[in-house]
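Asks: Sharing run23.txt below, compact mmCIF, C-alpha atoms:
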```txt
# COMPACT_ATOMS: atom_id res chain seq x y z
CA MET T 1 3.80 -14.53 35.52
CA GLU T 2 7.51 -14.31 36.44
CA ASN T 3 8.31 -16.98 33.83
CA GLN T 4 6.07 -15.49 31.13
CA ILE T 5 7.55 -14.00 27.96
CA THR T 6 5.48 -11.31 26.24
CA ARG T 7 6.47 -9.64 22.98
CA PHE T 8 5.88 -5.91 22.60
CA HIS T 9 6.28 -3.63 19.59
CA TYR T 10 6.40 0.14 19.73
CA ARG T 11 6.62 2.95 17.22
CA GLY T 12 8.30 6.29 17.85
CA SER T 13 9.09 9.37 15.80
CA LEU T 14 12.17 11.57 15.90
CA LYS T 15 11.85 15.32 15.55
CA GLN T 16 12.77 16.29 12.02
CA GLU T 17 15.92 18.19 12.99
CA TYR T 18 17.50 14.98 14.30
CA THR T 19 16.80 12.69 11.36
CA LYS T 20 19.92 13.77 9.47
CA ASN T 21 22.08 14.55 12.48
CA THR T 22 22.47 11.18 14.16
CA ASP T 23 25.68 12.28 15.90
CA THR T 24 23.47 14.29 18.25
CA LEU T 25 21.70 11.06 19.24
CA SER T 26 24.86 9.08 19.96
CA ALA T 27 24.99 9.75 23.71
CA ALA T 28 21.25 9.14 24.11
CA LEU T 29 21.41 5.87 22.21
CA ALA T 30 24.40 4.74 24.26
CA GLU T 31 22.42 5.42 27.43
CA CYS T 32 19.45 3.46 26.07
CA LYS T 33 21.72 0.48 25.37
CA THR T 34 23.12 0.68 28.88
CA GLN T 35 19.60 0.71 30.35
CA VAL T 36 18.51 -2.27 28.21
CA GLN T 37 21.63 -4.24 29.13
CA GLY T 38 20.86 -3.60 32.79
CA LEU T 39 17.32 -4.91 32.38
CA ILE T 40 18.62 -7.98 30.54
CA GLN T 41 21.06 -8.68 33.36
CA ALA T 42 18.25 -8.15 35.91
CA GLY T 43 16.07 -10.74 34.13
CA LYS T 44 13.43 -8.21 33.04
CA ILE T 45 14.05 -8.34 29.29
CA MET T 46 15.24 -11.19 27.07
CA THR T 47 15.63 -9.32 23.77
CA ALA T 48 15.32 -5.68 22.67
CA ALA T 49 16.07 -4.15 19.28
CA LEU T 50 15.63 -0.62 17.96
CA TYR T 51 15.39 0.05 14.21
CA TYR T 52 14.84 3.20 12.18
CA TYR T 53 13.60 4.48 8.85
CA LYS T 54 13.91 8.22 8.23
CA HIS T 55 12.23 9.82 11.29
CA MET T 56 10.44 6.63 12.33
CA LEU T 57 11.62 4.37 15.16
CA PHE T 58 10.54 0.75 15.64
CA LEU T 59 11.27 -1.04 18.90
CA TYR T 60 10.89 -4.77 19.58
CA CYS T 61 11.03 -6.09 23.13
CA GLU T 62 10.61 -9.47 24.81
CA ALA T 63 9.58 -8.79 28.41
CA ILE T 64 10.02 -11.33 31.19
CA GLY T 65 7.10 -11.02 33.60
CA GLU T 66 5.49 -7.58 33.59
CA GLU T 67 5.98 -5.13 30.75
CA THR T 68 8.77 -2.60 31.16
CA ARG T 69 7.83 0.43 29.11
CA PRO T 70 10.36 2.05 26.73
CA GLU T 71 9.61 5.41 28.33
CA LYS T 72 11.80 4.07 31.14
CA TYR T 73 14.74 2.42 29.42
CA CYS T 74 14.74 4.74 26.38
CA SER T 75 14.09 7.92 28.36
CA ALA T 76 17.35 9.43 27.07
CA LEU T 77 15.74 9.67 23.61
CA THR T 78 12.63 11.48 24.85
CA PRO T 79 13.92 15.06 24.23
CA TYR T 80 14.54 14.17 20.59
CA MET T 81 11.15 12.59 19.92
CA GLU T 82 7.71 13.75 18.82
CA THR T 83 4.57 12.69 20.66
CA PHE T 84 1.59 10.72 19.38
CA PRO T 85 -1.90 11.93 20.38
CA GLY T 86 -3.80 9.49 22.58
CA ILE T 87 -7.27 9.02 24.02
CA GLU T 88 -6.27 10.14 27.52
CA LYS T 89 -2.89 11.75 26.91
CA SER T 90 -0.13 12.04 24.35
CA ARG T 91 2.64 9.48 24.42
CA ILE T 92 6.19 9.17 23.10
CA TRP T 93 5.93 5.49 22.17
CA ALA T 94 2.79 4.24 20.45
CA ASP T 95 1.85 0.60 21.00
CA MET T 96 1.73 -1.51 17.85
CA TYR T 97 -0.79 -4.35 17.57
CA HIS T 98 0.76 -7.81 17.51
CA ILE T 99 -1.13 -9.64 14.77
CA TYR T 100 1.11 -12.36 13.32
CA TYR T 101 3.58 -14.97 14.60
CA HIS T 102 4.60 -18.63 14.30
CA ALA T 103 5.06 -19.51 17.97
CA ILE T 104 3.77 -18.59 21.41
CA PRO T 105 6.43 -18.38 24.15
CA GLU T 106 6.04 -21.16 26.70
CA GLY T 107 8.30 -19.67 29.34
CA ILE T 108 11.92 -18.64 29.72
CA ASP T 109 13.46 -22.05 29.06
CA ASP T 110 11.39 -22.53 25.93
CA TRP T 111 12.25 -19.09 24.54
CA LYS T 112 15.98 -19.09 25.21
CA ARG T 113 18.07 -19.29 22.06
CA PRO T 114 20.47 -22.25 21.92
CA SER T 115 23.13 -19.82 20.67
CA THR T 116 23.43 -16.13 19.87
CA PRO T 117 21.44 -15.34 16.67
CA GLY T 118 23.54 -14.50 13.65
CA LEU T 119 21.18 -11.61 12.87
CA ARG T 120 18.29 -9.92 14.65
CA ARG T 121 16.42 -8.32 11.76
CA GLY T 122 13.77 -5.65 11.51
CA ARG T 123 11.62 -4.86 8.48
CA ILE T 124 8.67 -2.62 7.68
CA ALA T 125 5.96 -2.65 5.02
CA PHE T 126 3.25 -0.20 4.06
CA LEU T 127 -0.30 -1.36 3.31
CA TYR T 128 -2.81 0.32 1.04
CA PRO T 129 -5.56 1.71 3.32
CA ASP T 130 -8.31 -0.14 1.43
CA LYS T 131 -6.39 -3.44 1.88
CA LEU T 132 -5.72 -3.03 5.59
CA TYR T 133 -8.63 -5.12 6.87
CA SER T 134 -8.04 -7.83 4.30
CA TYR T 135 -4.46 -8.22 5.49
CA ILE T 136 -5.52 -8.35 9.14
CA TYR T 137 -8.37 -10.78 8.47
CA HIS T 138 -6.24 -13.33 6.64
CA HIS T 139 -3.27 -13.14 8.97
CA LEU T 140 -5.37 -13.51 12.10
CA ASN T 141 -6.97 -16.58 10.50
CA ILE T 142 -3.53 -18.04 9.78
CA VAL T 143 -2.53 -17.49 13.40
CA LYS T 144 -5.82 -18.97 14.65
CA GLU T 145 -5.26 -22.12 12.57
CA GLY T 146 -1.67 -22.30 13.85
CA LEU T 147 -0.23 -24.56 11.16
CA LEU T 148 1.88 -22.30 8.92
CA THR T 149 5.57 -22.78 9.68
CA GLY T 150 8.09 -19.96 9.98
CA ASP T 151 10.72 -18.50 12.25
CA LYS T 152 9.98 -19.16 15.92
CA TYR T 153 10.97 -15.60 16.83
CA GLN T 154 9.24 -13.80 13.97
CA SER T 155 6.44 -11.43 14.81
CA ILE T 156 4.56 -8.75 12.89
CA ALA T 157 2.82 -5.79 14.48
CA LEU T 158 0.66 -3.03 13.03
CA HIS T 159 0.26 0.70 13.65
CA GLU T 160 -1.82 2.79 11.23
CA ASN T 161 -0.99 1.18 7.87
CA ILE T 162 2.59 0.28 8.81
CA LEU T 163 3.73 -3.27 9.51
CA PHE T 164 6.84 -3.88 11.60
CA SER T 165 8.37 -7.35 11.39
CA TYR T 166 11.06 -8.84 13.62
CA PHE T 167 12.79 -12.17 13.01
CA GLU T 168 16.12 -13.88 13.47
CA GLU T 169 18.64 -15.69 11.31
CA PRO T 170 19.39 -18.51 11.12
CA LYS T 171 15.69 -19.27 11.45
CA THR T 172 14.22 -21.76 13.89
CA ILE T 173 11.34 -23.27 11.93
CA ILE T 174 8.17 -24.03 13.89
CA ASN T 175 4.41 -23.49 13.90
CA ILE T 176 2.05 -22.42 16.66
CA ARG T 177 0.77 -25.97 17.20
CA ARG T 178 4.36 -27.19 17.21
CA ASP T 179 3.48 -29.93 14.75
CA PRO T 180 5.24 -29.41 11.40
CA SER T 181 3.69 -32.60 10.00
CA LEU T 182 0.39 -30.74 9.41
CA GLU T 183 0.03 -28.31 6.51
CA SER T 184 -1.84 -25.02 6.59
CA LYS T 185 -5.07 -24.82 4.59
CA VAL T 186 -5.88 -21.21 5.49
CA ILE T 187 -2.77 -19.95 3.69
CA ASP T 188 -4.55 -20.78 0.43
CA ASP T 189 -7.21 -18.15 1.20
CA TRP T 190 -4.52 -15.50 1.63
CA LEU T 191 -2.76 -16.48 -1.59
CA ALA T 192 -6.10 -16.31 -3.44
CA VAL T 193 -6.60 -12.59 -2.71
CA ASP T 194 -3.35 -11.51 -4.39
CA PRO T 195 -1.01 -10.68 -1.49
CA GLU T 196 1.12 -8.36 -3.63
CA SER T 197 -1.86 -6.04 -4.16
CA HIS T 198 -1.94 -5.24 -0.43
CA PHE T 199 1.48 -3.59 -0.30
CA ILE T 200 2.69 -0.14 -1.26
CA HIS T 201 6.03 -0.77 -2.94
CA LEU T 202 8.36 2.13 -2.22
CA PRO T 203 11.52 2.51 -4.34
CA GLU T 204 13.61 1.54 -1.31
CA CYS T 205 11.81 -1.82 -1.19
CA LYS T 206 13.31 -2.76 -4.57
CA GLY T 207 10.18 -4.70 -5.48
CA ALA T 208 9.87 -6.55 -2.16
CA ASN T 209 6.88 -6.22 0.17
CA PHE T 210 9.02 -5.64 3.27
CA MET T 211 12.04 -3.38 3.54
CA PHE T 212 14.96 -4.23 5.84
CA LEU T 213 15.88 -1.56 8.38
CA PRO T 214 19.17 -0.52 9.92
CA ALA T 215 19.39 -0.88 13.69
CA TYR T 216 20.48 1.48 16.43
CA PHE T 217 20.97 -1.54 18.64
CA THR T 218 20.02 -5.24 18.91
CA LEU T 219 20.54 -6.81 22.32
CA GLY T 220 19.63 -10.11 23.94
CA THR T 221 20.58 -12.79 26.40
CA LYS T 222 21.72 -15.06 23.59
```
If you convert what's in this file into structure tokens, what do you get?
Replies:
Amino acid sequence: MENQITRFHYRGSLKQEYTKNTDTLSAALAECKTQVQGLIQAGKIMTAALYYYKHMLFLYCEAIGEETRPEKYCSALTPYMETFPGIEKSRIWADMYHIYYHAIPEGIDDWKRPSTPGLRRGRIAFLYPDKLYSYIYHHLNIVKEGLLTGDKYQSIALHENILFSYFEEPKTIINIRRDPSLESKVIDDWLAVDPESHFIHLPECKGANFMFLPAYFTLGTK
């Protein structure tokens, strides 16, 4: 468990009055970065990155061992955030469902980057509600097959109809089975259902399915 790397994705929401007044958030964000850096130094987190789009916040975290919740290391942002309703209680950070990736971490040594990534990138996409289950079905099948190659550190998570994608550049190409000699067959099923028809293309996307996000911080061991 101590050597295990688990990827977590969270979604938060700023109160409207702070979406256009980011100067107010500067001290809180600086404190969050300090907390994350402390957890990295303590060997609790390998990578953490916080991105934003309008009032929405998207947080990616690679935990070492047990999960460390963002309510702890991003507590300085709490006064500026809305809450999401939950089954038992409301929460500041909603868990996103990790549905797509190209690799499964095999421990700390396996997941360490050979050098500091040039870019730690965050993107979001919006799915049409009637295409939500089609997207999930095909992507879970691709993951189950484990043959489609892509960035080792890429992951896509879902909350409501919003996809949040994290990946790094330059990319480390791999597949889940770690055998690039085999080609995916399941990808053909996804291509056959017209992938473009699943996505809501906002003007900011400029015709792309996913939209790149600015970051409040991107931190990691390498």
Asks: Could you tell me which of T:Asp151, T:Glu17, T:Glu66, T:Glu82 comes closest to Pro170 of chain T if we count all atoms listed in the file?
Replies: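 Nearest candidate to Pro170 of chain T out of T:Asp151, T:Glu17, T:Glu66, T:Glu82: T:Asp151.
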Asks: Here's a test: counting only C-alpha atoms, identify every protein, DNA and RNA residue with an atom at most 12 Å from (21.7, 0.7, 29.6) in the file's coordinate frame, and state them as a short mmCIF file (atom, residue, chain, number, x, y, z; two decimals) with C-alpha atoms, in the frame of the given file.
Replies:
```
data_model
loop_
_atom_site.label_atom_id
_atom_site.label_comp_id
_atom_site.auth_asym_id
_atom_site.auth_seq_id
_atom_site.Cartn_x
_atom_site.Cartn_y
_atom_site.Cartn_z
CA ALA T 27 24.99 9.75 23.71
CA ALA T 28 21.25 9.14 24.11
CA LEU T 29 21.41 5.87 22.21
CA ALA T 30 24.40 4.74 24.26
CA GLU T 31 22.42 5.42 27.43
CA CYS T 32 19.45 3.46 26.07
CA LYS T 33 21.72 0.48 25.37
CA THR T 34 23.12 0.68 28.88
CA GLN T 35 19.60 0.71 30.35
CA VAL T 36 18.51 -2.27 28.21
CA GLN T 37 21.63 -4.24 29.13
CA GLY T 38 20.86 -3.60 32.79
CA LEU T 39 17.32 -4.91 32.38
CA ILE T 40 18.62 -7.98 30.54
CA GLN T 41 21.06 -8.68 33.36
CA ALA T 42 18.25 -8.15 35.91
CA ILE T 45 14.05 -8.34 29.29
CA ALA T 48 15.32 -5.68 22.67
CA PRO T 70 10.36 2.05 26.73
CA LYS T 72 11.80 4.07 31.14
CA TYR T 73 14.74 2.42 29.42
CA CYS T 74 14.74 4.74 26.38
CA SER T 75 14.09 7.92 28.36
CA ALA T 76 17.35 9.43 27.07
CA PHE T 217 20.97 -1.54 18.64
CA LEU T 219 20.54 -6.81 22.32
#
```
Asks: Have a look at atom CA of Asp189 of chain T and atom CA of Gly150 of chain T and let me know their distance in Å, one decimal.
Replies: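 These atoms are spaced 17.7 Å apart.
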Asks: Write out as number ranges by chain the residues lying within 12 Å of Glu196 of chain T, counting all atoms listed in the file and excluding same-chain residues fewer than 5 positions away.
Replies: T: 125-128, 131, 135, 190-191, 201, 207-210
Asks: Looking at all atoms listed in the file, which of T:Arg178, T:Lys89, T:Arg69, T:His55 is the one that sits closest to Ile104 of chain T?
Replies: T:Arg178
Asks: Please list as a list in words every residue within 9 Å of Phe58 of chain T, counting only C-alpha atoms and excluding residues in the same chain fewer than 4 positions away.
Replies: His9, Tyr10, Arg11, Gly12, Ser13, Ala49, Leu50, Tyr51, Tyr52, Tyr53, Gly122, Ile124 and Phe164 of chain T
Asks: Using all atoms listed in the file, which protein or nucleic acid residues come within 9 Å of Tyr153 of chain T? Drop anything in the same chain fewer than 3 positions from it, and give the result as a list in words.
Replies: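 Counting only the stated atoms, we get Tyr101, His102, Ala103, Trp111, Gly150, Tyr166, Phe167, Glu168, Lys171 and Thr172 of chain T.
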Asks: Between atom CA of Met46 of chain T and atom CA of Gln154 of chain T, what distance in Å does the model show, to one decimal?
Replies: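 Computing the Euclidean distance for atom CA of Met46 of chain T and atom CA of Gln154 of chain T yields 14.6 Å.
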Asks: At a cut-off of 6 Å around the point (9.6, -4.6, 22.3) (file coordinates), what residues fall inside when counting all atoms listed in the file? I'd like the answer as a PyMOL selection string.
Replies: chain T and resi 7-9+48+59-62
